[in-house]
Amino acid sequence: MNSIQNKILTIMRVVDEICERNGLTYYAIGGTCIGALRHHGFIPWDDDLDIAVPIEDWDRFWNIMERELPHEYRIYCGNEIRHYRYIFNKIHDSRTSFIEKAEEKFPDAYKGIFIDVMPIAGIPETKSKRDRFYRKILWFSRLNYIMRYPLSEMDSWKKIAFWPFVHLLEPLFSFHYFSDRWIKLLKTQPFYESKFTGYTWWANASDKLCFPFDFFNGTKRYSFEGINISCPINSDGYLKKQFGNYMEFPPEDQRIDHHQVFVSINVPYNEYNGEEK
């Protein structure tokens, strides 16, 4: 375990203790879940940790975190940070720096070493309703990005074309208007009452990232770097659906971290600005 992973694990230990104390459900997902089953800890080359929280518990989760997190751990969310394009939140260590390449020009988006916390919701059963649901997620994602960033950051002709029209709304709506709408959409699809669930926090939500609710109908604790974390009750079924043979290591040239970043484990992110970095 490297120094970044050690900082991440320390955050996760605190979050897990708060969840256990307050009866909050979460699921380790993606590479974190693979790490728990395959490595009993971090994937050696991984540099993040992801958990998902049921949409019914989303607001309560953050209210409790705001009240019980130690002072040095902060909530990082799109309602407070303009140049943050996603709807999921982070819990980060304010004593550290983890500044991604995409954030370099936007100091308000700088942050410390973190864990990701995603909202997991239900997904409609029928194909027609599911396709409409996915299209709404895609549009809220695009509009959220357009609202938050200058024209120079638009990376497709569609975003360039919509940018002037979206920014006409800016005097009337907050910069987090479309991310709020996205969360509101997810709340119409209760996690616990659905037959299917999946990755509803990404613009590229799709049937590949849709799973039977039974995979998540409960949690199972797995050892992870000396602590126990909660994973889906049927983690094997979930991981096979998304990744195939997840127990097989990828080729060596694919064993890389996800981010292009500037990292410091002992200098706070708020001591940097774009020029200094």
# chains A, B, ... in the order shown; residues from 1 in each chain; ligands from 1
call {"tool": "select_by_dssp", "arguments": {"residues": "segment 37-168 of chain A", "states": "strand (DSSP E or B)", "output": "list of chain:residue names"}}
result
A:Asp50, A:Ile51, A:Ala52, A:Val53, A:Pro54, A:Tyr73, A:Arg74, A:Ile75, A:Tyr76, A:Asn89, A:Lys90, A:Ile91, A:His92, A:Asp93, A:Ser97, A:Phe98, A:Ile99, A:Glu100, A:Phe114, A:Ile115, A:Asp116, A:Val117, A:Met118, A:Pro119, A:Ile120, A:Ala121, A:Gly122
call {"tool": "residues_around", "arguments": {"residues": "segment 84-87 of chain A", "least_positions_apart": "2", "cutoff": "7 Å", "atoms": "only C-alpha atoms", "output": "PyMOL selection string"}}
result
chain A and resi 78+81-82+89+109+144-145+179+201
call {"tool": "write_last_selection", "arguments": {"atoms": "all heavy atoms", "output": "PDB file, in the first residue's frame"}}
result
ATOM      1  N   GLY A  78     -20.836  19.440  -6.000  1.00  0.00           N
ATOM      2  CA  GLY A  78     -21.122  20.372  -7.074  1.00  0.00           C
ATOM      3  C   GLY A  78     -22.031  21.516  -6.703  1.00  0.00           C
ATOM      4  O   GLY A  78     -22.161  22.472  -7.467  1.00  0.00           O
ATOM      5  N   ILE A  81     -19.051  23.915  -5.623  1.00  0.00           N
ATOM      6  CA  ILE A  81     -17.907  24.080  -6.512  1.00  0.00           C
ATOM      7  C   ILE A  81     -18.413  24.165  -7.951  1.00  0.00           C
ATOM      8  O   ILE A  81     -18.966  23.189  -8.480  1.00  0.00           O
ATOM      9  CB  ILE A  81     -16.927  22.903  -6.354  1.00  0.00           C
ATOM     10  CG1 ILE A  81     -16.399  22.868  -4.931  1.00  0.00           C
ATOM     11  CG2 ILE A  81     -15.796  22.995  -7.361  1.00  0.00           C
ATOM     12  CD1 ILE A  81     -15.907  21.547  -4.480  1.00  0.00           C
ATOM     13  N   ARG A  82     -18.240  25.321  -8.557  1.00  0.00           N
ATOM     14  CA  ARG A  82     -18.773  25.503  -9.902  1.00  0.00           C
ATOM     15  C   ARG A  82     -18.133  24.541 -10.900  1.00  0.00           C
ATOM     16  O   ARG A  82     -18.829  23.895 -11.689  1.00  0.00           O
ATOM     17  CB  ARG A  82     -18.563  26.943 -10.370  1.00  0.00           C
ATOM     18  CG  ARG A  82     -19.168  27.170 -11.747  1.00  0.00           C
ATOM     19  CD  ARG A  82     -18.955  28.543 -12.307  1.00  0.00           C
ATOM     20  NE  ARG A  82     -19.729  28.670 -13.527  1.00  0.00           N
ATOM     21  CZ  ARG A  82     -20.876  29.310 -13.620  1.00  0.00           C
ATOM     22  NH1 ARG A  82     -21.385  29.904 -12.570  1.00  0.00           N
ATOM     23  NH2 ARG A  82     -21.525  29.368 -14.776  1.00  0.00           N
ATOM     24  N   ASN A  89     -20.467  13.010  -5.001  1.00  0.00           N
ATOM     25  CA  ASN A  89     -19.660  13.841  -4.104  1.00  0.00           C
ATOM     26  C   ASN A  89     -18.382  13.115  -3.724  1.00  0.00           C
ATOM     27  O   ASN A  89     -18.220  11.925  -3.995  1.00  0.00           O
ATOM     28  CB  ASN A  89     -20.451  14.183  -2.837  1.00  0.00           C
ATOM     29  CG  ASN A  89     -21.695  14.994  -3.130  1.00  0.00           C
ATOM     30  OD1 ASN A  89     -21.868  15.521  -4.223  1.00  0.00           O
ATOM     31  ND2 ASN A  89     -22.578  15.102  -2.147  1.00  0.00           N
ATOM     32  N   ALA A 109     -11.788  24.077  -8.050  1.00  0.00           N
ATOM     33  CA  ALA A 109     -12.004  22.632  -8.093  1.00  0.00           C
ATOM     34  C   ALA A 109     -10.873  21.834  -7.445  1.00  0.00           C
ATOM     35  O   ALA A 109     -10.938  20.604  -7.401  1.00  0.00           O
ATOM     36  CB  ALA A 109     -12.191  22.172  -9.538  1.00  0.00           C
ATOM     37  N   ASN A 144     -25.377  20.097 -17.489  1.00  0.00           N
ATOM     38  CA  ASN A 144     -24.642  20.414 -16.269  1.00  0.00           C
ATOM     39  C   ASN A 144     -23.227  20.880 -16.609  1.00  0.00           C
ATOM     40  O   ASN A 144     -22.738  21.887 -16.074  1.00  0.00           O
ATOM     41  CB  ASN A 144     -24.600  19.177 -15.373  1.00  0.00           C
ATOM     42  CG  ASN A 144     -23.902  19.429 -14.050  1.00  0.00           C
ATOM     43  OD1 ASN A 144     -24.176  20.411 -13.377  1.00  0.00           O
ATOM     44  ND2 ASN A 144     -22.995  18.541 -13.678  1.00  0.00           N
ATOM     45  N   TYR A 145     -22.577  20.171 -17.529  1.00  0.00           N
ATOM     46  CA  TYR A 145     -21.220  20.541 -17.953  1.00  0.00           C
ATOM     47  C   TYR A 145     -21.225  21.904 -18.640  1.00  0.00           C
ATOM     48  O   TYR A 145     -20.390  22.775 -18.354  1.00  0.00           O
ATOM     49  CB  TYR A 145     -20.669  19.472 -18.893  1.00  0.00           C
ATOM     50  CG  TYR A 145     -19.275  19.738 -19.389  1.00  0.00           C
ATOM     51  CD1 TYR A 145     -18.167  19.383 -18.631  1.00  0.00           C
ATOM     52  CD2 TYR A 145     -19.058  20.368 -20.615  1.00  0.00           C
ATOM     53  CE1 TYR A 145     -16.880  19.638 -19.076  1.00  0.00           C
ATOM     54  CE2 TYR A 145     -17.778  20.628 -21.070  1.00  0.00           C
ATOM     55  CZ  TYR A 145     -16.695  20.257 -20.303  1.00  0.00           C
ATOM     56  OH  TYR A 145     -15.424  20.531 -20.744  1.00  0.00           O
ATOM     57  N   SER A 179     -27.519  19.688 -12.223  1.00  0.00           N
ATOM     58  CA  SER A 179     -27.142  18.570 -11.340  1.00  0.00           C
ATOM     59  C   SER A 179     -28.227  18.330 -10.298  1.00  0.00           C
ATOM     60  O   SER A 179     -28.490  17.179  -9.920  1.00  0.00           O
ATOM     61  CB  SER A 179     -25.785  18.824 -10.682  1.00  0.00           C
ATOM     62  OG  SER A 179     -25.768  20.024  -9.954  1.00  0.00           O
ATOM     63  N   TRP A 201     -25.040   7.633 -12.112  1.00  0.00           N
ATOM     64  CA  TRP A 201     -24.318   8.883 -11.860  1.00  0.00           C
ATOM     65  C   TRP A 201     -23.395   9.243 -13.021  1.00  0.00           C
ATOM     66  O   TRP A 201     -22.678  10.230 -12.949  1.00  0.00           O
ATOM     67  CB  TRP A 201     -23.499   8.775 -10.577  1.00  0.00           C
ATOM     68  CG  TRP A 201     -22.543   7.617 -10.591  1.00  0.00           C
ATOM     69  CD1 TRP A 201     -21.279   7.600 -11.107  1.00  0.00           C
ATOM     70  CD2 TRP A 201     -22.774   6.301 -10.062  1.00  0.00           C
ATOM     71  NE1 TRP A 201     -20.705   6.359 -10.944  1.00  0.00           N
ATOM     72  CE2 TRP A 201     -21.603   5.537 -10.300  1.00  0.00           C
ATOM     73  CE3 TRP A 201     -23.846   5.702  -9.420  1.00  0.00           C
ATOM     74  CZ2 TRP A 201     -21.493   4.211  -9.914  1.00  0.00           C
ATOM     75  CZ3 TRP A 201     -23.727   4.380  -9.040  1.00  0.00           C
ATOM     76  CH2 TRP A 201     -22.566   3.637  -9.279  1.00  0.00           C
TER      77      TRP A 201
END
call {"tool": "residues_around", "arguments": {"residues": "Ile229 of chain A", "least_positions_apart": "6", "cutoff": "8 Å", "atoms": "only C-alpha atoms", "output": "PyMOL selection string"}}
result
chain A and resi 16+28+221-223
call {"tool": "write_last_selection", "arguments": {"atoms": "all heavy atoms", "output": "PDB file, in the first residue's frame"}}
result
ATOM      1  N   ASP A  16     -16.631   4.496   7.220  1.00  0.00           N
ATOM      2  CA  ASP A  16     -17.252   3.222   7.572  1.00  0.00           C
ATOM      3  C   ASP A  16     -17.725   3.228   9.026  1.00  0.00           C
ATOM      4  O   ASP A  16     -18.827   2.738   9.329  1.00  0.00           O
ATOM      5  CB  ASP A  16     -16.261   2.079   7.344  1.00  0.00           C
ATOM      6  CG  ASP A  16     -16.827   0.734   7.755  1.00  0.00           C
ATOM      7  OD1 ASP A  16     -17.677   0.201   7.015  1.00  0.00           O
ATOM      8  OD2 ASP A  16     -16.450   0.219   8.830  1.00  0.00           O
ATOM      9  N   ALA A  28     -19.200  -0.888  -1.575  1.00  0.00           N
ATOM     10  CA  ALA A  28     -17.972  -0.702  -2.342  1.00  0.00           C
ATOM     11  C   ALA A  28     -18.225  -1.211  -3.759  1.00  0.00           C
ATOM     12  O   ALA A  28     -18.767  -2.301  -3.948  1.00  0.00           O
ATOM     13  CB  ALA A  28     -16.827  -1.469  -1.699  1.00  0.00           C
ATOM     14  N   ARG A 221     -19.481  -8.064   4.290  1.00  0.00           N
ATOM     15  CA  ARG A 221     -18.251  -7.389   4.695  1.00  0.00           C
ATOM     16  C   ARG A 221     -17.044  -8.202   4.246  1.00  0.00           C
ATOM     17  O   ARG A 221     -16.983  -9.419   4.420  1.00  0.00           O
ATOM     18  CB  ARG A 221     -18.224  -7.210   6.210  1.00  0.00           C
ATOM     19  CG  ARG A 221     -19.432  -6.492   6.794  1.00  0.00           C
ATOM     20  CD  ARG A 221     -19.312  -4.996   6.712  1.00  0.00           C
ATOM     21  NE  ARG A 221     -18.432  -4.460   7.724  1.00  0.00           N
ATOM     22  CZ  ARG A 221     -18.133  -3.156   7.825  1.00  0.00           C
ATOM     23  NH1 ARG A 221     -18.627  -2.283   6.960  1.00  0.00           N
ATOM     24  NH2 ARG A 221     -17.339  -2.727   8.779  1.00  0.00           N
ATOM     25  N   TYR A 222     -16.093  -7.498   3.644  1.00  0.00           N
ATOM     26  CA  TYR A 222     -14.847  -8.116   3.203  1.00  0.00           C
ATOM     27  C   TYR A 222     -13.670  -7.368   3.819  1.00  0.00           C
ATOM     28  O   TYR A 222     -13.716  -6.150   4.019  1.00  0.00           O
ATOM     29  CB  TYR A 222     -14.717  -8.055   1.681  1.00  0.00           C
ATOM     30  CG  TYR A 222     -15.611  -9.021   0.939  1.00  0.00           C
ATOM     31  CD1 TYR A 222     -16.890  -8.658   0.561  1.00  0.00           C
ATOM     32  CD2 TYR A 222     -15.160 -10.301   0.613  1.00  0.00           C
ATOM     33  CE1 TYR A 222     -17.718  -9.532  -0.124  1.00  0.00           C
ATOM     34  CE2 TYR A 222     -15.975 -11.189  -0.077  1.00  0.00           C
ATOM     35  CZ  TYR A 222     -17.253 -10.806  -0.435  1.00  0.00           C
ATOM     36  OH  TYR A 222     -18.066 -11.677  -1.114  1.00  0.00           O
ATOM     37  N   SER A 223     -12.604  -8.112   4.076  1.00  0.00           N
ATOM     38  CA  SER A 223     -11.385  -7.506   4.595  1.00  0.00           C
ATOM     39  C   SER A 223     -10.740  -6.652   3.506  1.00  0.00           C
ATOM     40  O   SER A 223     -10.624  -7.074   2.353  1.00  0.00           O
ATOM     41  CB  SER A 223     -10.410  -8.591   5.049  1.00  0.00           C
ATOM     42  OG  SER A 223      -9.186  -8.019   5.471  1.00  0.00           O
TER      43      SER A 223
END
call {"tool": "select_by_dssp", "arguments": {"residues": "segment 30-88 of chain A", "states": "helix (DSSP H, G or I)", "output": "number ranges by chain"}}
result
A: 30-39, 55-68
call {"tool": "write_last_selection", "arguments": {"atoms": "C-alpha atoms", "output": "mmCIF file, in the first residue's frame"}}
result
data_model
loop_
_atom_site.group_PDB
_atom_site.id
_atom_site.type_symbol
_atom_site.label_atom_id
_atom_site.label_comp_id
_atom_site.auth_asym_id
_atom_site.auth_seq_id
_atom_site.Cartn_x
_atom_site.Cartn_y
_atom_site.Cartn_z
ATOM 1 C CA GLY A 30 -15.984 -0.988 -9.231
ATOM 2 C CA GLY A 31 -12.271 -1.417 -8.640
ATOM 3 C CA THR A 32 -12.757 -1.100 -4.894
ATOM 4 C CA CYS A 33 -15.006 -4.163 -4.888
ATOM 5 C CA ILE A 34 -12.551 -6.037 -7.134
ATOM 6 C CA GLY A 35 -9.766 -5.086 -4.747
ATOM 7 C CA ALA A 36 -11.708 -6.401 -1.756
ATOM 8 C CA LEU A 37 -12.341 -9.798 -3.374
ATOM 9 C CA ARG A 38 -9.134 -10.263 -5.362
ATOM 10 C CA HIS A 39 -6.478 -8.461 -3.277
ATOM 11 C CA ILE A 55 -30.748 7.309 -3.349
ATOM 12 C CA GLU A 56 -33.332 7.056 -0.534
ATOM 13 C CA ASP A 57 -30.490 7.513 1.976
ATOM 14 C CA TRP A 58 -28.567 10.147 0.000
ATOM 15 C CA ASP A 59 -29.637 13.259 1.895
ATOM 16 C CA ARG A 60 -29.470 11.574 5.294
ATOM 17 C CA PHE A 61 -25.982 10.244 4.518
ATOM 18 C CA TRP A 62 -24.642 13.739 3.829
ATOM 19 C CA ASN A 63 -26.417 15.317 6.780
ATOM 20 C CA ILE A 64 -24.758 12.789 9.073
ATOM 21 C CA MET A 65 -21.348 13.153 7.395
ATOM 22 C CA GLU A 66 -21.513 16.924 7.733
ATOM 23 C CA ARG A 67 -22.228 16.531 11.427
ATOM 24 C CA GLU A 68 -19.794 13.738 12.325
#
call {"tool": "closest_residue", "arguments": {"among": "A:Val14, A:Cys77, A:Ile113, A:Ile256", "to": "His176 of chain A", "atoms": "only C-alpha atoms"}}
result
A:Cys77
call {"tool": "closest_residue", "arguments": {"among": "A:Lys105, A:Thr197, A:Lys159, A:Phe114", "to": "Pro232 of chain A", "atoms": "only C-alpha atoms"}}
result
A:Thr197
